[in-house]
>>> print(open('work-v7.pdb').read())   # PDB, C-alpha atoms, pLDDT in the B column
ATOM      1  CA  MET A   1      17.633   4.434  17.042  1.00 84.00           C
ATOM      2  CA  ALA A   2      14.541   4.825  14.888  1.00 88.00           C
ATOM      3  CA  SER A   3      14.650   4.625  11.103  1.00 94.00           C
ATOM      4  CA  LEU A   4      12.607   6.819   8.782  1.00 97.00           C
ATOM      5  CA  ILE A   5      11.122   4.692   5.991  1.00 97.00           C
ATOM      6  CA  ASP A   6       8.413   5.730   3.546  1.00 97.00           C
ATOM      7  CA  LEU A   7       6.093   2.703   3.318  1.00 97.00           C
ATOM      8  CA  HIS A   8       4.035   3.828   0.318  1.00 96.00           C
ATOM      9  CA  THR A   9       5.916   4.811  -2.827  1.00 97.00           C
ATOM     10  CA  HIS A  10       5.454   4.089  -6.520  1.00 97.00           C
ATOM     11  CA  THR A  11       7.629   4.178  -9.628  1.00 97.00           C
ATOM     12  CA  SER A  12       6.749   4.682 -13.262  1.00 95.00           C
ATOM     13  CA  TYR A  13       7.717   1.058 -13.915  1.00 93.00           C
ATOM     14  CA  SER A  14       4.198  -0.192 -13.216  1.00 88.00           C
ATOM     15  CA  SER A  15       2.217   2.530 -11.430  1.00 86.00           C
ATOM     16  CA  PRO A  16       0.709   5.156 -13.729  1.00 86.00           C
ATOM     17  CA  CYS A  17       0.347   7.627 -10.842  1.00 89.00           C
ATOM     18  CA  SER A  18       4.144   8.026 -10.628  1.00 92.00           C
ATOM     19  CA  HIS A  19       6.469   9.774 -13.024  1.00 94.00           C
ATOM     20  CA  MET A  20       9.674   8.745 -11.230  1.00 96.00           C
ATOM     21  CA  THR A  21      11.904   5.903 -12.307  1.00 97.00           C
ATOM     22  CA  ALA A  22      13.226   3.605  -9.599  1.00 97.00           C
ATOM     23  CA  GLY A  23      16.564   5.434  -9.708  1.00 98.00           C
ATOM     24  CA  GLU A  24      14.915   8.834  -9.375  1.00 98.00           C
ATOM     25  CA  LEU A  25      12.839   7.607  -6.437  1.00 98.00           C
ATOM     26  CA  ILE A  26      15.875   6.202  -4.657  1.00 98.00           C
ATOM     27  CA  GLU A  27      17.919   9.363  -5.241  1.00 98.00           C
ATOM     28  CA  ALA A  28      15.044  11.542  -3.995  1.00 98.00           C
ATOM     29  CA  ALA A  29      14.694   9.373  -0.876  1.00 98.00           C
ATOM     30  CA  ILE A  30      18.406   9.604  -0.147  1.00 98.00           C
ATOM     31  CA  GLU A  31      18.357  13.367  -0.695  1.00 98.00           C
ATOM     32  CA  ALA A  32      15.353  13.686   1.651  1.00 97.00           C
ATOM     33  CA  GLY A  33      17.273  11.863   4.385  1.00 97.00           C
ATOM     34  CA  LEU A  34      15.149   8.720   4.434  1.00 98.00           C
ATOM     35  CA  ASP A  35      16.664   5.482   5.704  1.00 98.00           C
ATOM     36  CA  GLY A  36      14.709   3.388   3.176  1.00 98.00           C
ATOM     37  CA  VAL A  37      11.539   3.113   1.125  1.00 98.00           C
ATOM     38  CA  ALA A  38       8.957   0.484   0.399  1.00 98.00           C
ATOM     39  CA  VAL A  39       7.914   0.368  -3.229  1.00 98.00           C
ATOM     40  CA  THR A  40       4.260  -0.638  -3.382  1.00 97.00           C
ATOM     41  CA  GLU A  41       3.232  -0.702  -7.028  1.00 96.00           C
ATOM     42  CA  HIS A  42      -0.440  -1.027  -7.917  1.00 95.00           C
ATOM     43  CA  ARG A  43      -1.454  -4.728  -7.946  1.00 95.00           C
ATOM     44  CA  VAL A  44       1.935  -6.077  -9.159  1.00 96.00           C
ATOM     45  CA  ILE A  45       5.179  -6.949  -7.373  1.00 96.00           C
ATOM     46  CA  GLU A  46       7.586  -6.714 -10.325  1.00 96.00           C
ATOM     47  CA  GLY A  47       8.227  -2.953 -10.161  1.00 96.00           C
ATOM     48  CA  ALA A  48       9.162  -3.221  -6.486  1.00 97.00           C
ATOM     49  CA  GLU A  49      11.557  -6.065  -7.243  1.00 97.00           C
ATOM     50  CA  VAL A  50      13.202  -4.024 -10.004  1.00 97.00           C
ATOM     51  CA  ALA A  51      13.636  -1.075  -7.638  1.00 98.00           C
ATOM     52  CA  GLN A  52      15.009  -3.308  -4.886  1.00 98.00           C
ATOM     53  CA  ASP A  53      17.541  -4.876  -7.233  1.00 98.00           C
ATOM     54  CA  LEU A  54      18.698  -1.463  -8.513  1.00 98.00           C
ATOM     55  CA  ALA A  55      18.953  -0.086  -4.975  1.00 98.00           C
ATOM     56  CA  ARG A  56      21.054  -3.032  -3.873  1.00 98.00           C
ATOM     57  CA  ARG A  57      23.407  -2.968  -6.893  1.00 97.00           C
ATOM     58  CA  LYS A  58      23.893   0.761  -7.425  1.00 98.00           C
ATOM     59  CA  TYR A  59      23.028   2.602  -4.228  1.00 97.00           C
ATOM     60  CA  GLY A  60      23.371   0.272  -1.242  1.00 97.00           C
ATOM     61  CA  PHE A  61      20.022   1.685  -0.105  1.00 98.00           C
ATOM     62  CA  PRO A  62      17.231  -0.332   1.545  1.00 98.00           C
ATOM     63  CA  VAL A  63      14.161  -0.824  -0.661  1.00 98.00           C
ATOM     64  CA  PHE A  64      11.417  -3.099   0.623  1.00 98.00           C
ATOM     65  CA  CYS A  65       8.963  -4.834  -1.710  1.00 98.00           C
ATOM     66  CA  GLY A  66       5.243  -4.511  -1.332  1.00 98.00           C
ATOM     67  CA  VAL A  67       2.074  -4.301  -3.398  1.00 98.00           C
ATOM     68  CA  GLU A  68      -0.851  -1.908  -3.256  1.00 96.00           C
ATOM     69  CA  ALA A  69      -3.836  -4.202  -3.695  1.00 95.00           C
ATOM     70  CA  GLN A  70      -7.323  -2.928  -4.363  1.00 91.00           C
ATOM     71  CA  ALA A  71      -9.698  -4.673  -1.964  1.00 86.00           C
ATOM     72  CA  THR A  72     -13.483  -4.524  -2.014  1.00 77.00           C
ATOM     73  CA  ILE A  73     -13.968  -3.240   1.543  1.00 72.00           C
ATOM     74  CA  PHE A  74     -10.995  -0.989   2.247  1.00 71.00           C
ATOM     75  CA  GLY A  75     -10.080   0.158  -1.231  1.00 80.00           C
ATOM     76  CA  ASP A  76      -6.301   0.321  -1.598  1.00 89.00           C
ATOM     77  CA  VAL A  77      -4.373  -1.792   0.916  1.00 93.00           C
ATOM     78  CA  LEU A  78      -0.596  -2.097   1.273  1.00 96.00           C
ATOM     79  CA  VAL A  79       0.564  -5.710   1.339  1.00 98.00           C
ATOM     80  CA  PHE A  80       3.923  -6.672   2.820  1.00 98.00           C
ATOM     81  CA  GLY A  81       5.362 -10.161   3.185  1.00 97.00           C
ATOM     82  CA  CYS A  82       3.273 -11.680   0.390  1.00 97.00           C
ATOM     83  CA  TYR A  83       5.187 -11.397  -2.865  1.00 96.00           C
ATOM     84  CA  GLN A  84       2.660 -11.829  -5.645  1.00 97.00           C
ATOM     85  CA  ASP A  85       0.324  -9.922  -7.937  1.00 97.00           C
ATOM     86  CA  PHE A  86      -3.316  -9.281  -7.004  1.00 97.00           C
ATOM     87  CA  TRP A  87      -6.303  -8.990  -9.330  1.00 93.00           C
ATOM     88  CA  PRO A  88      -8.309  -5.729  -9.288  1.00 91.00           C
ATOM     89  CA  ARG A  89     -11.101  -5.397  -6.693  1.00 90.00           C
ATOM     90  CA  ILE A  90     -10.050  -8.563  -4.885  1.00 94.00           C
ATOM     91  CA  PRO A  91     -12.662  -9.525  -2.279  1.00 92.00           C
ATOM     92  CA  TRP A  92     -11.450  -8.541   1.185  1.00 88.00           C
ATOM     93  CA  PRO A  93     -11.834 -12.064   2.667  1.00 92.00           C
ATOM     94  CA  ASP A  94      -9.729 -13.514  -0.189  1.00 95.00           C
ATOM     95  CA  LEU A  95      -6.983 -10.909   0.204  1.00 96.00           C
ATOM     96  CA  LYS A  96      -6.929 -11.360   3.970  1.00 95.00           C
ATOM     97  CA  GLN A  97      -6.655 -15.162   3.653  1.00 97.00           C
ATOM     98  CA  ILE A  98      -3.940 -15.097   0.964  1.00 97.00           C
ATOM     99  CA  VAL A  99      -1.783 -12.665   2.923  1.00 97.00           C
ATOM    100  CA  ALA A 100      -2.331 -14.471   6.242  1.00 97.00           C
ATOM    101  CA  GLU A 101      -1.289 -17.798   4.705  1.00 97.00           C
ATOM    102  CA  ASP A 102       1.999 -16.202   3.611  1.00 97.00           C
ATOM    103  CA  GLY A 103       2.523 -14.564   7.017  1.00 97.00           C
ATOM    104  CA  GLY A 104       2.148 -11.095   5.514  1.00 98.00           C
ATOM    105  CA  VAL A 105       0.729  -7.831   6.796  1.00 97.00           C
ATOM    106  CA  LEU A 106      -2.093  -5.610   5.481  1.00 95.00           C
ATOM    107  CA  ILE A 107      -2.194  -1.837   6.021  1.00 93.00           C
ATOM    108  CA  PRO A 108      -4.989   0.387   4.632  1.00 86.00           C
ATOM    109  CA  ALA A 109      -3.250   2.793   2.244  1.00 88.00           C
ATOM    110  CA  HIS A 110      -5.762   5.662   2.357  1.00 79.00           C
ATOM    111  CA  PRO A 111      -8.904   4.259   3.935  1.00 65.00           C
ATOM    112  CA  PHE A 112     -11.135   7.344   3.806  1.00 58.00           C
ATOM    113  CA  ARG A 113     -10.458   8.359   0.202  1.00 59.00           C
ATOM    114  CA  HIS A 114     -12.692   8.245  -2.861  1.00 52.00           C
ATOM    115  CA  TRP A 115     -15.989   6.385  -3.185  1.00 50.00           C
ATOM    116  CA  ASP A 116     -15.267   4.016  -0.323  1.00 54.00           C
ATOM    117  CA  ARG A 117     -14.094   6.604   2.177  1.00 53.00           C
ATOM    118  CA  LEU A 118     -16.312   5.249   4.930  1.00 61.00           C
ATOM    119  CA  ALA A 119     -15.616   1.580   4.247  1.00 65.00           C
ATOM    120  CA  LEU A 120     -13.063   1.257   7.060  1.00 66.00           C
ATOM    121  CA  TRP A 121     -15.368   3.186   9.385  1.00 66.00           C
ATOM    122  CA  ASN A 122     -18.281   0.843   8.655  1.00 69.00           C
ATOM    123  CA  TYR A 123     -16.083  -2.231   9.027  1.00 69.00           C
ATOM    124  CA  LEU A 124     -14.810  -1.104  12.433  1.00 69.00           C
ATOM    125  CA  GLU A 125     -18.353  -0.453  13.642  1.00 71.00           C
ATOM    126  CA  GLU A 126     -19.394  -3.927  12.449  1.00 74.00           C
ATOM    127  CA  GLN A 127     -16.543  -5.342  14.536  1.00 74.00           C
ATOM    128  CA  GLY A 128     -17.944  -3.672  17.657  1.00 74.00           C
ATOM    129  CA  LEU A 129     -15.783  -0.551  17.621  1.00 71.00           C
ATOM    130  CA  PRO A 130     -18.413   2.197  17.352  1.00 66.00           C
ATOM    131  CA  LEU A 131     -17.153   5.520  16.098  1.00 64.00           C
ATOM    132  CA  ASN A 132     -18.690   8.941  16.446  1.00 60.00           C
ATOM    133  CA  GLY A 133     -21.121   9.083  13.519  1.00 55.00           C
ATOM    134  CA  ARG A 134     -21.079  12.862  13.575  1.00 48.00           C
ATOM    135  CA  LEU A 135     -17.610  12.871  12.024  1.00 52.00           C
ATOM    136  CA  ALA A 136     -18.993  10.927   9.063  1.00 52.00           C
ATOM    137  CA  GLN A 137     -21.834  13.435   8.683  1.00 53.00           C
ATOM    138  CA  ILE A 138     -19.463  16.391   8.367  1.00 46.00           C
ATOM    139  CA  GLY A 139     -17.415  14.657   5.695  1.00 50.00           C
ATOM    140  CA  PHE A 140     -14.452  13.232   7.584  1.00 45.00           C
TER
END
>>> encode(input="work-v7.pdb", output="structure tokens")
Amino acid sequence: MASLIDLHTHTSYSSPCSHMTAGELIEAAIEAGLDGVAVTEHRVIEGAEVAQDLARRKYGFPVFCGVEAQATIFGDVLVFGCYQDFWPRIPWPDLKQIVAEDGGVLIPAHPFRHWDRLALWNYLEEQGLPLNGRLAQIGF
């Protein structure tokens, strides 16, 4: 049986883009019928750990810890399995090496957003995976 888990959530503990406390996030997730959430605060792990501890003690609800790092090539990248803080605009090769050494996983959070919206596209083409350039021209 499949589980429904939101892998990209924030709390007001350490992510200014969220106005929800950890408790409010957990209650909203339960009300929405989710089976769990991953809290991926911007650049720091502490907020996710606080949410995980609260979820365990008060709700018996699965909360997974992650970090949303800001890498130079992809922009924001979700990091799982590597429980540490990351400095802003960390060079992609450094982030990749740090996470690999810890056995973690990297997932682009929103790879085509903002100033670097074509960064993932360009990277994939450099790796020999050519994409249809017309999509880039129309603003994909």
>>> residues_around(input="work-v7.pdb", residues="Met20 in chain A", least_positions_apart="4", cutoff="8 Å", atoms="all atoms listed in the file", output="short mmCIF file (atom, residue, chain, number, x, y, z; two decimals) with C-alpha atoms, keeping the file's coordinate frame")
data_model
loop_
_atom_site.label_atom_id
_atom_site.label_comp_id
_atom_site.auth_asym_id
_atom_site.auth_seq_id
_atom_site.Cartn_x
_atom_site.Cartn_y
_atom_site.Cartn_z
CA HIS A 10 5.45 4.09 -6.52
CA THR A 11 7.63 4.18 -9.63
CA SER A 12 6.75 4.68 -13.26
CA GLU A 24 14.92 8.83 -9.38
CA LEU A 25 12.84 7.61 -6.44
#
>>> atom_distance(input="work-v7.pdb", atom1="CA of Leu129 in chain A", atom2="CA of Val67 in chain A")
27.8 Å
>>> closest_residue(input="work-v7.pdb", among="A:Ile26, A:Gln70, A:Glu126, A:Asp6", to="Ala55 in chain A", atoms="all atoms listed in the file")
A:Ile26
>>> closest_residue(input="work-v7.pdb", among="A:Gln84, A:Ser18, A:Gly36, A:Glu46", to="Gly60 in chain A", atoms="all atoms listed in the file")
A:Gly36
>>> resolve_selection(input="work-v7.pdb", expression="the PyMOL selection byres ((chain A and resi 72-83) around 7)", output="list of chain:residue names")
A:Thr40, A:Ile45, A:Gly66, A:Val67, A:Glu68, A:Ala69, A:Gln70, A:Ala71, A:Gln84, A:Arg89, A:Ile90, A:Pro91, A:Trp92, A:Val99, A:Asp102, A:Gly103, A:Gly104, A:Val105, A:Leu106, A:Ile107, A:Pro108, A:Ala109, A:His110, A:Pro111, A:Asp116, A:Ala119, A:Leu120
>>> resolve_selection(input="work-v7.pdb", expression="the PyMOL selection byres ((chain A and resi 48) around 10)", output="PyMOL selection string")
chain A and resi 9-11+13-14+22+38-42+44-47+49-54+63-67+83
>>> atom_distance(input="work-v7.pdb", atom1="CA of Asp85 in chain A", atom2="CA of Glu27 in chain A")
26.2 Å
>>> closest_residue(input="work-v7.pdb", among="A:Gly33, A:Lys96, A:Gly23, A:Cys17", to="Leu4 in chain A", atoms="all atoms listed in the file")
A:Gly33
>>> atom_distance(input="work-v7.pdb", atom1="CA of Phe61 in chain A", atom2="CA of Glu31 in chain A")
11.8 Å
>>> axis_aligned_box(input="work-v7.pdb", around="range 2-5 of chain A", padding_each_side="5 Å", output="AutoDock Vina command-line options")
--center_x 12.9 --center_y 5.7 --center_z 10.4 --size_x 13.5 --size_y 12.2 --size_z 18.9
